[in-house]
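Engineer: Provided herewith: protein-v1.cif, mmCIF, C-alpha atoms.
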data_protein
#
loop_
_atom_site.label_atom_id
_atom_site.label_comp_id
_atom_site.auth_asym_id
_atom_site.auth_seq_id
_atom_site.Cartn_x
_atom_site.Cartn_y
_atom_site.Cartn_z
CA MET A 1154 -22.35 9.57 -10.66
CA ASP A 1155 -18.79 10.19 -11.79
CA ARG A 1156 -15.93 9.22 -9.54
CA PRO A 1157 -14.94 12.19 -7.32
CA GLU A 1158 -11.50 13.75 -7.66
CA SER A 1159 -10.68 12.63 -4.13
CA VAL A 1160 -11.17 8.98 -5.10
CA LYS A 1161 -9.19 9.44 -8.33
CA LYS A 1162 -6.29 10.92 -6.34
CA ALA A 1163 -6.48 8.15 -3.73
CA VAL A 1164 -6.44 5.38 -6.32
CA LEU A 1165 -3.52 7.01 -8.13
CA LEU A 1166 -1.58 7.32 -4.86
CA LEU A 1167 -2.23 3.68 -4.02
CA TYR A 1168 -1.12 2.43 -7.44
CA ALA A 1169 2.01 4.58 -7.17
CA SER A 1170 2.62 3.12 -3.71
CA ILE A 1171 2.45 -0.40 -5.17
CA VAL A 1172 4.98 0.47 -7.87
CA ILE A 1173 7.32 1.99 -5.29
CA ALA A 1174 6.92 -1.09 -3.08
CA VAL A 1175 7.89 -3.39 -5.94
CA ILE A 1176 10.96 -1.26 -6.73
CA SER A 1177 12.01 -1.10 -3.07
CA SER A 1178 11.61 -4.88 -2.81
CA PHE A 1179 14.12 -5.30 -5.64
CA ILE A 1180 16.51 -2.92 -3.89
CA MET A 1181 16.22 -4.80 -0.60
CA THR A 1182 16.53 -8.17 -2.31
CA ALA A 1183 19.80 -7.15 -3.91
CA GLN A 1184 21.16 -6.18 -0.49
CA ILE A 1185 20.07 -9.24 1.49
CA LEU A 1186 20.06 -12.00 -1.13
CA PRO A 1187 23.57 -13.28 -0.36
CA GLU A 1188 22.62 -13.70 3.32
CA VAL A 1189 19.32 -15.58 2.82
CA SER A 1190 18.74 -19.23 2.01
CA PRO A 1191 16.79 -20.00 -1.18
CA ASP A 1192 13.88 -21.48 0.79
CA ILE A 1193 13.44 -18.36 2.92
CA PHE A 1194 13.79 -16.17 -0.16
CA LEU A 1195 11.04 -18.12 -1.94
CA ILE A 1196 8.69 -17.81 1.04
CA ALA A 1197 9.38 -14.07 1.33
CA PHE A 1198 8.85 -13.65 -2.41
CA LEU A 1199 5.49 -15.43 -2.25
CA ILE A 1200 4.36 -13.33 0.71
CA LEU A 1201 5.35 -10.14 -1.14
CA CYS A 1202 3.47 -11.24 -4.26
CA ILE A 1203 0.35 -11.96 -2.22
CA GLY A 1204 0.66 -8.58 -0.49
CA PHE A 1205 1.14 -6.68 -3.74
CA GLY A 1206 -1.70 -8.61 -5.35
CA LEU A 1207 -4.07 -7.93 -2.48
CA THR A 1208 -3.21 -4.23 -2.43
CA TRP A 1209 -3.69 -4.00 -6.20
CA PHE A 1210 -7.03 -5.85 -5.98
CA LEU A 1211 -8.32 -3.63 -3.16
CA THR A 1212 -7.19 -0.50 -5.01
CA TYR A 1213 -8.92 -1.66 -8.19
CA MET A 1214 -12.12 -2.45 -6.30
CA MET A 1215 -12.04 0.96 -4.58
CA GLY A 1216 -11.75 2.53 -8.01
CA GLN A 1217 -14.90 0.62 -8.95
CA GLY A 1218 -16.77 2.07 -5.98
CA LYS A 1219 -16.66 -0.93 -3.64
CA GLY A 1220 -16.91 0.44 -0.12
CA TRP A 1221 -15.92 -2.88 1.45
CA ALA A 1222 -12.51 -2.59 -0.24
CA ARG A 1223 -12.02 0.84 1.31
CA THR A 1224 -12.85 -0.59 4.74
CA VAL A 1225 -10.59 -3.63 4.33
CA PHE A 1226 -7.70 -1.46 3.15
CA CYS A 1227 -8.17 0.90 6.10
CA ILE A 1228 -8.16 -1.99 8.57
CA LEU A 1229 -5.05 -3.54 6.99
CA PHE A 1230 -3.30 -0.16 6.97
CA ILE A 1231 -4.01 0.36 10.68
CA ILE A 1232 -2.88 -3.19 11.52
CA GLY A 1233 0.30 -2.83 9.43
CA LEU A 1234 1.30 0.62 10.66
CA PRO A 1235 2.99 -0.52 13.90
CA PHE A 1236 4.96 -3.14 11.94
CA SER A 1237 6.11 -0.48 9.47
CA PHE A 1238 7.35 1.73 12.31
CA LYS A 1239 9.00 -1.29 13.93
CA GLU A 1240 10.89 -1.84 10.67
CA LEU A 1241 12.38 1.67 10.65
CA PRO A 1242 15.37 1.00 12.98
CA GLN A 1243 16.38 -2.04 10.92
CA ALA A 1244 15.95 -0.01 7.73
CA MET A 1245 18.31 2.64 9.11
CA ILE A 1246 21.04 0.02 9.24
CA LEU A 1247 20.39 -1.26 5.71
CA SER A 1248 19.75 1.82 3.62
CA LYS A 1249 18.77 5.46 3.96
CA LEU A 1250 17.00 5.17 0.62
CA TYR A 1251 14.85 2.36 2.00
CA ILE A 1252 13.87 4.54 4.98
CA LEU A 1253 12.73 7.30 2.62
CA ILE A 1254 10.80 4.80 0.53
CA LEU A 1255 9.13 3.29 3.60
CA ILE A 1256 8.14 6.68 5.01
CA GLY A 1257 6.96 7.76 1.56
CA GLN A 1258 4.76 4.69 1.23
CA ILE A 1259 3.21 5.26 4.65
CA ALA A 1260 2.56 8.90 3.76
CA MET A 1261 1.07 8.01 0.36
CA GLN A 1262 -1.22 5.36 1.78
CA GLY A 1263 -2.27 7.56 4.69
CA THR A 1264 -3.02 10.43 2.31
CA ALA A 1265 -4.99 8.06 0.09
CA LEU A 1266 -7.09 7.01 3.09
CA PHE A 1267 -7.68 10.66 3.92
CA PHE A 1268 -8.99 11.19 0.38
CA LEU A 1269 -11.07 7.99 0.50
CA TYR A 1270 -12.91 9.11 3.62
CA GLN A 1271 -13.69 12.66 2.54
CA LYS A 1272 -17.37 13.56 2.32
CA SER A 1273 -17.52 13.43 -1.49
CA SER A 1274 -15.80 10.04 -1.52
CA SER A 1275 -18.07 8.62 1.15
CA ARG A 1276 -21.16 9.75 -0.75
CA TRP A 1277 -19.86 8.14 -3.90
CA PHE A 1278 -19.10 4.86 -2.14
CA GLN A 1279 -22.57 4.88 -0.59
CA GLY A 1280 -24.15 5.71 -3.93
CA ILE A 1281 -25.94 8.81 -2.56
CA GLY A 1282 -24.65 11.19 -5.17
#
What's the structure tokens form of this structure?

Structural biologist:
Amino acid sequence: MDRPESVKKAVLLLYASIVIAVISSFIMTAQILPEVSPDIFLIAFLILCIGFGLTWFLTYMMGQGKGWARTVFCILFIIGLPFSFKELPQAMILSKLYILILIGQIAMQGTALFFLYQKSSSRWFQGIG
């Protein structure tokens, strides 16, 4: 069975979200780099790389029809959502652009999850047809 349009849209949204996250990380790094020690910067960089890598891997696996990846992404999204909202007040101080990026990422990922759990997507992930 061919991949449903809903899954294609979800995967595209998630890849776009990763690209936006990488760009926003560069923007934030430029703003806070003078205030952060090199050791803390390296740790933060490694954590970001792991996060981007995991998101890319899960997105790729969802595109291949792996239902477990859809479930893991959903769980991680739900766990991370309160932390994203907690970051908003700090983001307001740093940059209005960063706020828009953060809200955009949340919206893109939430929309992708909506697409991933539509009936046609669920059938495809379950292999029913």

Engineer: In Å to one decimal, how far is atom CA of Ala1222 of chain A from atom CA of Gly1204 of chain A?

Structural biologist: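 Between atom CA of Gly1204 of chain A and atom CA of Ala1222 of chain A the gap is 14.5 Å.
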
Engineer: Of the residues A:Met1261, A:Met1181, A:Val1160, A:Ile1200, which is the one nearest to Lys1219 of chain A, using all atoms listed in the file?

Structural biologist: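 Ranked by minimum distance to Lys1219 of chain A, first place goes to A:Val1160.
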
Engineer: Can you list, as JSON, numbers by chain, every protein, DNA or RNA residue that comes within 12 Å of Pro1242 of chain A when you count all atoms listed in the file, leaving out same-chain residues fewer than 5 positions away?

Structural biologist: {"A": [1236, 1237, 1247, 1248, 1249, 1251, 1252, 1255]}

Engineer: Could you save those same residues with C-alpha atoms as a short mmCIF file (atom, residue, chain, number, x, y, z; two decimals), in the frame of the given file?

Structural biologist:
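The file below, result-v9.cif, is the result:
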data_model
loop_
_atom_site.label_atom_id
_atom_site.label_comp_id
_atom_site.auth_asym_id
_atom_site.auth_seq_id
_atom_site.Cartn_x
_atom_site.Cartn_y
_atom_site.Cartn_z
CA PHE A 1236 4.96 -3.14 11.94
CA SER A 1237 6.11 -0.48 9.47
CA LEU A 1247 20.39 -1.26 5.71
CA SER A 1248 19.75 1.82 3.62
CA LYS A 1249 18.77 5.46 3.96
CA TYR A 1251 14.85 2.36 2.00
CA ILE A 1252 13.87 4.54 4.98
CA LEU A 1255 9.13 3.29 3.60
#

Engineer: Could you pull the residues within 12 Å of Pro1235 of chain A, counting only C-alpha atoms, minus those fewer than 6 positions along the same chain, as an MDAnalysis selection string?

Structural biologist: chainID A and resid 1229 1241 1259

Engineer: Name all residues at most 12 Å from Lys1272 of chain A (count only C-alpha atoms; drop same-chain ones fewer than 2 positions away) and give them as a list in words.

Structural biologist: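 In the requested form, the answer reads Pro1157, Glu1158, Ser1159, Val1160, Phe1267, Phe1268, Leu1269, Tyr1270, Ser1274, Ser1275, Arg1276, Trp1277, Phe1278, Gln1279, Ile1281 and Gly1282 of chain A.
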
Engineer: Residues within 12 Å of (-3.7, -5.3, -5.6), file coordinates, counting only C-alpha atoms: what are they? Give the list as a PyMOL selection string.

Structural biologist: chain A and resi 1164+1167-1172+1174-1175+1201-1216+1222+1226

Engineer: Interatomic distance between atom CA of Cys1227 of chain A and atom CA of Gln1262 of chain A?

Structural biologist: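 That distance, rounded to one decimal, is 9.3 Å.
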
Engineer: Rounded to one decimal place, report the atom CA of Leu1266 of chain A-atom CA of Ala1163 of chain A distance in Å.

Structural biologist: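 If I compute the distance from atom CA of Leu1266 of chain A to atom CA of Ala1163 of chain A, I get 6.9 Å.
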
Engineer: Considering only C-alpha atoms, state which residue in the set A:Ala1197, A:Ile1180, A:Ile1173, A:Ile1232 is at the smallest distance from Ala1244 of chain A.

Structural biologist: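 Going through A:Ala1197, A:Ile1180, A:Ile1173, A:Ile1232 one by one, the smallest distance to Ala1244 of chain A is for A:Ile1180.
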
Engineer: Counting only C-alpha atoms, which residue out of A:Lys1162, A:Ser1177, A:Lys1239, A:Gly1218 sits closest to Gly1257 of chain A?

Structural biologist: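 Between A:Lys1162, A:Ser1177, A:Lys1239, A:Gly1218, the residue approaching Gly1257 of chain A most closely is A:Ser1177.
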
Engineer: When you count all atoms listed in the file, which of these residues is closest to Phe1238 of chain A: A:Phe1179, A:Ile1256, A:Asp1155, A:Ser1273?

Structural biologist: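 Among the listed residues, the smallest separation from Phe1238 of chain A belongs to A:Ile1256.
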
Engineer: For segment 1237-1244 of chain A, I'd like the enclosing box, axis-aligned and padded by 6 Å on every side, reported as lines of an AutoDock Vina configuration file with centre and edge lengths in Å to one decimal.

Structural biologist:
center_x = 11.2
center_y = -0.2
center_z = 10.8
size_x = 22.3
size_y = 15.8
size_z = 18.2
